[in-house]
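Shown next, in structure tokens, is the structure this report addresses.
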Amino acid sequence: MFGDYSIGDLGSIFVMQGFAGLILFSVYVLMALGLAIIFGQMGVINMAHGEFMILGAYVTWMTSNAFQHYLPSLFSGYFFLAMLLAFLVSGALGMLVEWVLIRHLYKRPLDTLLATWGLSLILQQTYRSVFGAREVGVELPQWMLGSLKVTDSIEVPINGVFVMGLTVLITVVVSYVLYKSRWGRQVRAVVQNRIMAGAVGINTEKVDRYTFGLGCGIAGVAGSAFTMIGSTGPTSGQLYIVDTFLVVVFGGAASLLGTIASAFSISQTQSTLEFFTSGSMAKVLTLLAVVGILMLRPQGLFALKVRK
Amino acid sequence: MLIGHQPKPFLLAVEALTVSFDGFKAVNNLSFYVEENEIRVIIGPNGAGKTTVLDLICGKTKATSGSIQFRGKELTKLKENQIVQTGVGRKFQTPSVFEDLTVFENLEISYPRGRTVFGSLAFQRDDAVKQRVEEVAEMIFLKDRLDTYADQLSHGQKQWLEIGMLLIQDPELLMLDEPVAGMSVSERAKTAELLNRIIKDRSVLVIEHDMKFVEDIAHKVTVLHQGQILSEGTMEKVKNDPKVIEVYLGH
Amino acid sequence: MIINSRFFNRSELIGFVALALVLLVILPLSLDVFRLNLVAKYLTYAFVAIGLVLCWGYGGILSLGQGVFFGLGGYCMAMFLKLEASSVENTKIQSTPGIPDFMDWNQITALPLFWQPFHSLTFTVLAIILVPGLFALIIGTAMFKRRVGGTYFAIITQAVAAILTILIVGQQGYTGGINGMTDLRTLKGWDIRPDHAKIVLYFFEVFLLFGCIFIAQFIRLTKLGRILVAMREQEDRVRFSGYSVANFKIFAFCMAAIFAAIGGAMFALNVGFMSPSFVGIVPSIEMVIYTAVGGRMSIFGAVWGALLVNFAKTGLSESFPQLWLFGLGALFIAVVLAFPNGLSGIWADYVQPRIDRLLASRKSKSGAWADNSVADGAPAE
Ligand SMILES: Nc1ncnc2c1ncn2[C@@H]1O[C@H](COP(=O)(O)OP(=O)(O)O)[C@@H](O)[C@H]1O
Ligand SMILES: [Mg+2]
């Protein structure tokens with residue numbers, strides 16, 4: 001399939017597709033970060049994760065509408081507020097869901113999966129009833145629309161750069177929170193031994209609730225970023241859920257670095273393949289490769305040895 | 001008296017066994033030998049690596065290096081179920097029985113026949129099975145509870161049931177991890193009696209903290225400390241070993 | 001073959017008689033052919049649900065990819081029917097007569113090699129069992145031999161469902177794409193579309209279903225059934241009792257796959273088409289909910305679950321399409337949180353004891369035995 005292209009052609013194809021892949025990578029990373037916290041740290045399979053992301057996207061859309069109507073002068077900066085709101089709204093819903101649903105199911109991971117699937121159906125229908133079945137698009141402020149000329153032949157869109165910068169920032173913050181802060185230590189203590197953690201005075205219920213909330217909040221931010229590259233509909237989140245789970249599992253569920261590396265390799269493979277075959281075949285080949293590798297190496301790419 | 005006198009072959013020969021968890025050597029260059037019909041007790045402080053040694057022998061944990069020979073067969077290369085089939089039985093520290101099945105069914109599953117998929121489809125609950133199950137149930141004091149679901153049993157009864165599940169396998173090497181821990185005084189006495197009965201005609205490897213119990217049954221004692229052997233020999237010898245005294249009194 | 005205990009205990013016998021009565025007498029007498037055909041469609045999911053009882057309820061292996069096997073079975077059947085419907089005579093207006101219409105639309109000029117054997121009904125029937133069976137064997141071996149289970153397994157099977165759907169939709173020249181294989185007409189010359197054929201197919205399906213129920217019940221009663229339960233609770237204890245846990249899981253998964261495939265094949269026959277919308281993530285997880293609603297530990301419960309959820313779906317989504325998704329979502333949550341053993345659990349916990357008490361009191365009052373007064377139409381464990 002490479003036969004028709006010269007070496008030079010191939011080089012620029014890889015650069016261009018590589019950049020397209022980087023945006024996909026950012027969304028994957030943001031989605032997967034939240035999931036890595038919830039699944040990797042808590043062991044909960046949240047099938048409604050995509051719906052939490054879409055909630056963030058809808059919040060962003062509403063914020064942008066509100067600014068257009070009431071504060072057009074500040075429109076250029078609305079995105080920052082929107083992201084914060086997306087984080088808070090998704091996070092708050094996440095905490096509510098943890099309280100109502102998840103906390104009863106920590107011992108039954110497969111049942112959590114089913115219950116959160118039920119939740120995802122309810123959320124999808126809620127979005128459809130509230131926002132309508134049609135997909136909505138967010139209008140970006142002027143400064144995000146242009147592109148940066150890096151060299152003569154390579155141009156990169158500003159919103160892509162913005163999304164990536166954002167991803168890096170959030171990743172750094174999340175890693176800090178998880179690995180360096182006192183709270184992160186508590187989270188890991190609870191994960192490793194709930195009873196002991198409780199015995200040494202950690203409020204495990206509170207840790208669970210905030211961890212779940214944080215994961216959902218990050219999904220909300222991912223949704224915010226998502227509005228820049230795709231339009232938002234009630235079921236848009238579902239399209240990403242399998243991919244994101246594979247990203248997390250492929251990276252080795254407990255490792256953030258693994259999650260990032262795996263998001264990178266999956267998104268790059270897919271967008272590179274996309275150039276050579278149809279989009280659907282690219283996706284099939286990528287997923288097949290991931291599933292194939294997972295069968296050979298079920299612990300994922302970067303798993304630690306853990307005690308069973 | 002004969003020229004080619006051969007030393008009696010060991011039933012179990014553990015040599016230079018090491019396992020490392022992310023650099024931490026839970027068992028470090030360990031060697032010991034168990035003879036036929038020997039009752040060996042392993043003692044040692046918490047975290048010494050006792051459970052890990054049993055895990056290594058029965059295949060639950062893979063060794064980093066070293067060898068485990070059982071009747072001349074290398075166990076480190078076998079899968080768990082193959083190790084069981086060569087004649088090694090293992091009881092876990094926490095009782096692990098099948099709570100959704102009855103006592104009878106628990107024992108029946110452990111009966112060494114029909115262990116493949118299709119073998120288990122064709123398995124018949126014939127007289128030989130029933131007889132053997134009843135025999136073992138009698139030994140483990142559960143004869144009149146054959147139809148009880150295992151989740152109804154007390155902690156001690158579950159421990160007995162698990163011992164019964166091993167007995168029915170009739171292993172040549174029986175490994176028991178703290179069999180009387182968490183039992184009431186009367187249950188302890190009964191268990192000692194049970195163990196004394198079942199350890200005939202086989203080798204046994206027991207981990208236990210109850211010194212009185214150890215003294216009663218052990219032929220030889222191995223003291224583990226930080227993954228290595230601190231002392232080995234008769235109870236009398238071990239008890240008076242200054243290194244052992246230091247470790248036990250020093251913490 | 002059946003070891004000293006009875007094949008069905010009392011309440012299972014009641015469950016079986018009730019089911020047979022409903023499926024063989026009550027529904028055929030009370031429904032028109034259109035509705036009866038709908039029931040036939042729902043029952044195809046009952047095959048999947050029975051497989052899930054073995055694999056998930058007993059073995060603890062949750063597969064979120066049963067649609068894959070349903071689809072493979074269905075597509076095998078549909079390929080045979082499609083080939084028969086695409087005779088040279090029927091397709092003479094095409095630019096290449098004698099191949100399925102969707103191939104012609106996609107500029108394919110010869111029947112692809114992998115389609116060729118589906119001219120033979122014997123091959124097709126074998127393929128319906130063997131293709132999904134072997135596929136499950138490969139996935140199961142790869143996963144279970146490496147001790148992958150639980151949530152990981154669920155996610156991987158879900159990914160497989162996603163892959164197969166994308167593949168079917170993408171390769172429309174070979175598969176019919178998003179529309180699937182439509183316009184299936186005859187089976188060995190026998191028209192499957194008219195009313196009387198639908199009725200024959202319905203009864204054929206019900207008997208096939210009973211066959212699968214018997215097989216599942218047989219497996220459940222053997223030692224293998226007990227090993228599955230044992231494995232679900234204490235995998236290590238089973239392993240250290242000398243069993244290869246992986247092999248038993250593979251077996252349960254393959255059986256579930258084969259049951260699902262039979263359901264899929266019956267779907268193609270009864271409904272007259274097959275499409276990727278019965279393969280992917282959403283249908284696969286819906287199949288799990290049928291089992292969960294009926295009771296993951298109950299073979300009969302699974303059948304009732306498939307029937308009732310689908311009746312509710314048709315009823316609700318015809319009149320209040322929005323309510324349906326809310327209802328389905330709430331059903332998932334309610335079953336998981338409040339009724340983990342589904343309808344059969346409710347039956348066993350609440351209904352059965354009342355009936356027993358009622359019978360006992362009547363017995364003691366009159367001295368007459370009233371053992372055969374059966375509440376019909378109700379699921380039993
Ligand atoms: N799978 C494992 N991964 C990491 N550490 C382990 C593992 N198994 C045992 N250990 C460690 O090895 C040491 C010995 O444990 P163990 O054999 O259970 O001791 P004990 O002598 O009390 O039975 C402990 O420090 C334990 O934390
Ligand atoms: Mg121990």
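By convention in this document, the chains of the structure tokens carry letters A, B, ... by their order, each chain's residues are numbered from 1, and ligands are numbered from 1 in the order they are shown.
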Please, which residues have at least one atom within 8 Å of an atom of ligand 2, using only C-alpha atoms and all ligand atoms, listed as a JSON list (two decimals) with all heavy atoms, in the first residue's frame?
```
[["chain", "number", "residue", "atom", "x", "y", "z"],
["B", 46, "ASN", "N", 5.86, -13.30, 61.12],
["B", 46, "ASN", "CA", 5.01, -12.86, 60.01],
["B", 46, "ASN", "C", 5.84, -12.22, 58.91],
["B", 46, "ASN", "O", 6.77, -11.48, 59.19],
["B", 46, "ASN", "CB", 3.99, -11.83, 60.51],
["B", 46, "ASN", "CG", 2.71, -12.51, 60.89],
["B", 46, "ASN", "OD1", 2.37, -13.56, 60.34],
["B", 46, "ASN", "ND2", 1.99, -11.93, 61.84],
["B", 47, "GLY", "N", 5.50, -12.53, 57.67],
["B", 47, "GLY", "CA", 6.23, -11.94, 56.56],
["B", 47, "GLY", "C", 7.54, -12.65, 56.27],
["B", 47, "GLY", "O", 8.32, -12.20, 55.43],
["B", 49, "GLY", "N", 7.96, -15.33, 54.75],
["B", 49, "GLY", "CA", 7.93, -15.97, 53.43],
["B", 49, "GLY", "C", 7.40, -17.39, 53.47],
["B", 49, "GLY", "O", 7.52, -18.12, 52.49],
["B", 50, "LYS", "N", 6.77, -17.77, 54.57],
["B", 50, "LYS", "CA", 6.29, -19.15, 54.70],
["B", 50, "LYS", "C", 5.22, -19.45, 53.65],
["B", 50, "LYS", "O", 5.31, -20.44, 52.91],
["B", 50, "LYS", "CB", 5.70, -19.37, 56.11],
["B", 50, "LYS", "CG", 6.67, -19.04, 57.24],
["B", 50, "LYS", "CD", 6.06, -19.26, 58.60],
["B", 50, "LYS", "CE", 4.85, -18.40, 58.92],
["B", 50, "LYS", "NZ", 5.09, -16.98, 59.16],
["B", 51, "THR", "N", 4.19, -18.59, 53.61],
["B", 51, "THR", "CA", 3.12, -18.81, 52.65],
["B", 51, "THR", "C", 3.67, -18.80, 51.23],
["B", 51, "THR", "O", 3.28, -19.60, 50.38],
["B", 51, "THR", "CB", 2.03, -17.73, 52.81],
["B", 51, "THR", "OG1", 1.52, -17.82, 54.13],
["B", 51, "THR", "CG2", 0.91, -17.93, 51.82],
["B", 52, "THR", "N", 4.62, -17.91, 50.99],
["B", 52, "THR", "CA", 5.19, -17.82, 49.66],
["B", 52, "THR", "C", 5.88, -19.13, 49.26],
["B", 52, "THR", "O", 5.81, -19.53, 48.09],
["B", 52, "THR", "CB", 6.18, -16.64, 49.59],
["B", 52, "THR", "OG1", 5.53, -15.47, 50.07],
["B", 52, "THR", "CG2", 6.66, -16.40, 48.18],
["B", 93, "GLN", "N", -4.50, -20.41, 53.64],
["B", 93, "GLN", "CA", -4.53, -19.83, 54.97],
["B", 93, "GLN", "C", -5.96, -19.48, 55.38],
["B", 93, "GLN", "O", -6.40, -19.80, 56.47],
["B", 93, "GLN", "CB", -3.64, -18.59, 54.99],
["B", 93, "GLN", "CG", -3.23, -18.16, 56.36],
["B", 93, "GLN", "CD", -2.03, -17.21, 56.31],
["B", 93, "GLN", "OE1", -1.30, -17.15, 55.32],
["B", 93, "GLN", "NE2", -1.83, -16.46, 57.37],
["B", 177, "ASP", "N", -1.54, -24.51, 55.47],
["B", 177, "ASP", "CA", -1.12, -23.18, 55.90],
["B", 177, "ASP", "C", -1.94, -22.76, 57.10],
["B", 177, "ASP", "O", -3.13, -22.47, 56.97],
["B", 177, "ASP", "CB", -1.28, -22.20, 54.73],
["B", 177, "ASP", "CG", -0.45, -20.94, 54.94],
["B", 177, "ASP", "OD1", 0.00, -20.71, 56.07],
["B", 177, "ASP", "OD2", -0.28, -20.19, 53.95],
["B", 178, "GLU", "N", -1.35, -22.75, 58.24],
["B", 178, "GLU", "CA", -1.98, -22.36, 59.50],
["B", 178, "GLU", "C", -3.36, -23.00, 59.69],
["B", 178, "GLU", "O", -4.37, -22.31, 59.75],
["B", 178, "GLU", "CB", -2.09, -20.84, 59.59],
["B", 178, "GLU", "CG", -0.74, -20.19, 59.33],
["B", 178, "GLU", "CD", -0.65, -18.75, 59.82],
["B", 178, "GLU", "OE1", -1.58, -18.31, 60.51],
["B", 178, "GLU", "OE2", 0.36, -18.11, 59.53],
["B", 207, "ILE", "N", 2.49, -25.10, 58.08],
["B", 207, "ILE", "CA", 2.90, -23.82, 58.66],
["B", 207, "ILE", "C", 2.04, -23.62, 59.89],
["B", 207, "ILE", "O", 0.82, -23.76, 59.82],
["B", 207, "ILE", "CB", 2.63, -22.67, 57.68],
["B", 207, "ILE", "CG1", 3.47, -22.82, 56.44],
["B", 207, "ILE", "CG2", 2.90, -21.33, 58.35],
["B", 207, "ILE", "CD1", 3.20, -21.77, 55.39]]
```
>> Quick one: residues within 9 Å of Ser96 (chain B), only C-alpha atoms, excluding same-chain residues fewer than 6 positions away - as a PyMOL selection string?
In response: (chain B and resi 158-159+162) or (chain C and resi 234+236-237)
>> Counting only C-alpha atoms and all ligand atoms, what are the residues, protein, DNA or RNA alike, that approach ligand 1 to within 8 Å? I want them as a VMD selection string.
In response: (chain A and resid 305 to 308) or (chain B and resid 21 to 22 24 to 27 43 to 53 61 224 226 to 227)
>> Using only C-alpha atoms, I'd like every residue of chain A that has an atom within 9 Å of chain C; please write them out as number ranges by chain.
In response: A: 45, 101, 104-105, 109-126, 128-129, 242-243, 245-246, 249, 278-281, 283-285, 287-288, 291, 294-299
>> Show me, as a list in words, the residues that have an atom within 7 Å of region 131-138 of chain A when counting only C-alpha atoms, minus same-chain residues fewer than 6 positions from it.
In response: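 Counting only the stated atoms, we get Trp61, Ser64, Thr227, Ser231, Thr232, Gly233 and Pro234 of chain A.
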> Pick from C:Asn9, C:Ser86, C:Asn247, C:Thr175: nearest to chain B, with only C-alpha atoms counted?
Replying inline: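 Of C:Asn9, C:Ser86, C:Asn247, C:Thr175, the one nearest chain B is C:Asn247, counting only C-alpha atoms.
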> Leaving out region 74-81 of chain B and any residue of its chain fewer than 3 positions from it, which residues lie within 8 Å of it when counting only C-alpha atoms, given as an MDAnalysis selection string?
Replying inline: (chainID B and resid 56:60 62:63 67:70 84:85) or (chainID C and resid 239:244)
Restricting the output to C-alpha atoms, write the selected residues as a compact mmCIF listing (two decimals), in the first residue's frame.
```txt
# COMPACT_ATOMS: atom_id res chain seq x y z
CA LEU B 56 5.95 -21.66 44.96
CA ILE B 57 5.67 -25.38 45.49
CA CYS B 58 2.07 -25.59 44.37
CA GLY B 59 2.65 -23.31 41.40
CA LYS B 60 0.57 -20.35 42.53
CA LYS B 62 6.34 -18.68 39.73
CA ALA B 63 9.88 -18.94 41.02
CA SER B 67 14.27 -25.82 41.45
CA ILE B 68 11.57 -27.85 43.17
CA GLN B 69 11.73 -31.56 42.59
CA PHE B 70 8.87 -33.77 43.62
CA VAL B 84 -1.99 -31.36 41.97
CA GLN B 85 -2.18 -34.38 39.71
CA ARG C 239 -7.32 -25.07 40.20
CA PHE C 240 -5.73 -26.65 43.25
CA SER C 241 -8.24 -29.46 43.13
CA GLY C 242 -6.57 -30.51 39.90
CA TYR C 243 -8.72 -28.87 37.24
CA SER C 244 -7.61 -26.69 34.40
```
>> Would you pick out the contacts of Ile37 (chain A) at 9 Å or less, using only C-alpha atoms, so that residues sharing its chain but fewer than 2 positions from it are not included, and give the list as a list of chain:residue names?
In response: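 Here the answer would be A:Ala32, A:Leu33, A:Gly34, A:Leu35, A:Phe39, A:Gly40, A:Gln41, A:Met42, A:Gly43, A:Leu178, A:Thr211, A:Phe212, A:Leu214, A:Gly215, A:Ala253, A:Ala254, A:Leu256.
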>> Can you pull out every residue from region 2-217 of chain A that DSSP, working from the backbone, puts in strand (DSSP E), and format the result as a PyMOL selection string?
In response: chain A and resi 147-149+155-157
>> Using DSSP secondary structure from the backbone, list all alpha helix (DSSP H) positions within region 106-346 of chain C, as an MDAnalysis selection string.
In response: chainID C and resid 121:144 150:170 172:175 195:221 223:233 235:239 245:271 281:294 299:319 321:337 342:346
> Taking only C-alpha atoms into account, what are the residues of chain C at most 12 Å from chain B, put as a PyMOL selection string?
Replying inline: chain C and resi 1-5+58+145-146+215-216+218-252
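With CA of Glu36 (chain B) on one side and CA of Arg197 (chain B) on the other, the separation reads 16.4 Å.
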>> I want to know what sits within 12 Å of Arg188 (chain B), based on only C-alpha atoms, with residues of the same chain fewer than 4 positions away left out; could you give that as a PyMOL selection string?
In response: chain B and resi 155-157+159-160+178-184+192-195+210+212-213
Could you write out that same residue set with N, CA and C atoms as a PDB file, in the first residue's frame?
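Final output, saved to part23.pdb:
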```
ATOM      1  N   HIS B 155     -16.566 -21.215  60.914  1.00  0.00           N
ATOM      2  CA  HIS B 155     -15.204 -21.043  60.395  1.00  0.00           C
ATOM      3  C   HIS B 155     -14.397 -22.339  60.534  1.00  0.00           C
ATOM      4  N   GLY B 156     -14.481 -22.939  61.721  1.00  0.00           N
ATOM      5  CA  GLY B 156     -13.729 -24.168  61.956  1.00  0.00           C
ATOM      6  C   GLY B 156     -14.178 -25.290  61.031  1.00  0.00           C
ATOM      7  N   GLN B 157     -15.488 -25.393  60.853  1.00  0.00           N
ATOM      8  CA  GLN B 157     -16.001 -26.453  59.974  1.00  0.00           C
ATOM      9  C   GLN B 157     -15.540 -26.264  58.530  1.00  0.00           C
ATOM     10  N   GLN B 159     -12.723 -24.927  57.698  1.00  0.00           N
ATOM     11  CA  GLN B 159     -11.329 -25.381  57.664  1.00  0.00           C
ATOM     12  C   GLN B 159     -11.285 -26.905  57.530  1.00  0.00           C
ATOM     13  N   TRP B 160     -12.136 -27.570  58.283  1.00  0.00           N
ATOM     14  CA  TRP B 160     -12.168 -29.037  58.197  1.00  0.00           C
ATOM     15  C   TRP B 160     -12.579 -29.490  56.813  1.00  0.00           C
ATOM     16  N   GLU B 178      -1.354 -22.748  58.241  1.00  0.00           N
ATOM     17  CA  GLU B 178      -1.985 -22.364  59.501  1.00  0.00           C
ATOM     18  C   GLU B 178      -3.355 -23.005  59.690  1.00  0.00           C
ATOM     19  N   PRO B 179      -3.389 -24.328  59.821  1.00  0.00           N
ATOM     20  CA  PRO B 179      -4.681 -25.019  59.857  1.00  0.00           C
ATOM     21  C   PRO B 179      -5.504 -24.752  61.116  1.00  0.00           C
ATOM     22  N   VAL B 180      -4.897 -24.334  62.205  1.00  0.00           N
ATOM     23  CA  VAL B 180      -5.729 -24.133  63.396  1.00  0.00           C
ATOM     24  C   VAL B 180      -5.914 -22.661  63.739  1.00  0.00           C
ATOM     25  N   ALA B 181      -5.384 -21.783  62.892  1.00  0.00           N
ATOM     26  CA  ALA B 181      -5.544 -20.358  63.184  1.00  0.00           C
ATOM     27  C   ALA B 181      -7.022 -19.987  63.198  1.00  0.00           C
ATOM     28  N   GLY B 182      -7.387 -19.190  64.164  1.00  0.00           N
ATOM     29  CA  GLY B 182      -8.764 -18.696  64.217  1.00  0.00           C
ATOM     30  C   GLY B 182      -9.766 -19.708  64.724  1.00  0.00           C
ATOM     31  N   MET B 183      -9.288 -20.838  65.274  1.00  0.00           N
ATOM     32  CA  MET B 183     -10.234 -21.842  65.764  1.00  0.00           C
ATOM     33  C   MET B 183     -10.427 -21.712  67.271  1.00  0.00           C
ATOM     34  N   SER B 184     -11.560 -22.177  67.726  1.00  0.00           N
ATOM     35  CA  SER B 184     -11.806 -22.194  69.168  1.00  0.00           C
ATOM     36  C   SER B 184     -10.962 -23.303  69.799  1.00  0.00           C
ATOM     37  N   ALA B 192      -6.280 -31.091  65.840  1.00  0.00           N
ATOM     38  CA  ALA B 192      -5.020 -31.799  66.088  1.00  0.00           C
ATOM     39  C   ALA B 192      -5.237 -33.292  65.939  1.00  0.00           C
ATOM     40  N   GLU B 193      -6.338 -33.749  66.484  1.00  0.00           N
ATOM     41  CA  GLU B 193      -6.677 -35.166  66.383  1.00  0.00           C
ATOM     42  C   GLU B 193      -6.832 -35.571  64.913  1.00  0.00           C
ATOM     43  N   LEU B 194      -7.559 -34.733  64.179  1.00  0.00           N
ATOM     44  CA  LEU B 194      -7.775 -34.987  62.758  1.00  0.00           C
ATOM     45  C   LEU B 194      -6.445 -35.037  62.018  1.00  0.00           C
ATOM     46  N   LEU B 195      -5.607 -34.043  62.281  1.00  0.00           N
ATOM     47  CA  LEU B 195      -4.330 -34.004  61.575  1.00  0.00           C
ATOM     48  C   LEU B 195      -3.488 -35.226  61.917  1.00  0.00           C
ATOM     49  N   ASP B 210       1.168 -22.172  66.557  1.00  0.00           N
ATOM     50  CA  ASP B 210       0.849 -22.753  67.857  1.00  0.00           C
ATOM     51  C   ASP B 210       1.951 -23.748  68.260  1.00  0.00           C
ATOM     52  N   LYS B 212       2.669 -25.488  70.889  1.00  0.00           N
ATOM     53  CA  LYS B 212       2.278 -26.748  71.508  1.00  0.00           C
ATOM     54  C   LYS B 212       1.912 -27.752  70.423  1.00  0.00           C
ATOM     55  N   PHE B 213       1.139 -27.261  69.494  1.00  0.00           N
ATOM     56  CA  PHE B 213       0.696 -28.053  68.352  1.00  0.00           C
ATOM     57  C   PHE B 213       1.910 -28.525  67.544  1.00  0.00           C
TER      58      PHE B 213
END
```
> CA of Arg209 (chain A) and CA of Met95 (chain A), how far apart in Å?
Replying inline: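 Straight-line distance from CA of Met95 (chain A) to CA of Arg209 (chain A) works out to 5.5 Å.
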>> Need the shell around region 73-75 of chain A: protein/DNA/RNA residues with any atom at most 9 Å away, counting only C-alpha atoms. Skip same-chain ones fewer than 6 positions apart. Format as a PyMOL selection string?
In response: chain A and resi 64+67+140-141
Selected residues, N, CA and C atoms, written as a PDB file, in the first residue's frame, please.
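Written file, selection-v8.pdb:
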```pdb
ATOM      1  N   SER A  64     -21.128  28.861  25.594  1.00  0.00           N
ATOM      2  CA  SER A  64     -20.829  29.669  24.416  1.00  0.00           C
ATOM      3  C   SER A  64     -22.077  30.415  23.969  1.00  0.00           C
ATOM      4  N   PHE A  67     -22.683  33.345  26.339  1.00  0.00           N
ATOM      5  CA  PHE A  67     -21.778  34.477  26.090  1.00  0.00           C
ATOM      6  C   PHE A  67     -22.189  35.225  24.846  1.00  0.00           C
ATOM      7  N   LEU A 140     -16.389  28.698  17.778  1.00  0.00           N
ATOM      8  CA  LEU A 140     -15.128  29.004  18.440  1.00  0.00           C
ATOM      9  C   LEU A 140     -14.849  30.497  18.340  1.00  0.00           C
ATOM     10  N   PRO A 141     -14.194  31.059  19.344  1.00  0.00           N
ATOM     11  CA  PRO A 141     -13.800  32.460  19.238  1.00  0.00           C
ATOM     12  C   PRO A 141     -12.784  32.635  18.103  1.00  0.00           C
TER      13      PRO A 141
END
```
> Rounded to one decimal in Å, what is the spacing between CA of Leu257 (chain A) and CA of Ala36 (chain A)?
Replying inline: 10.4 Å
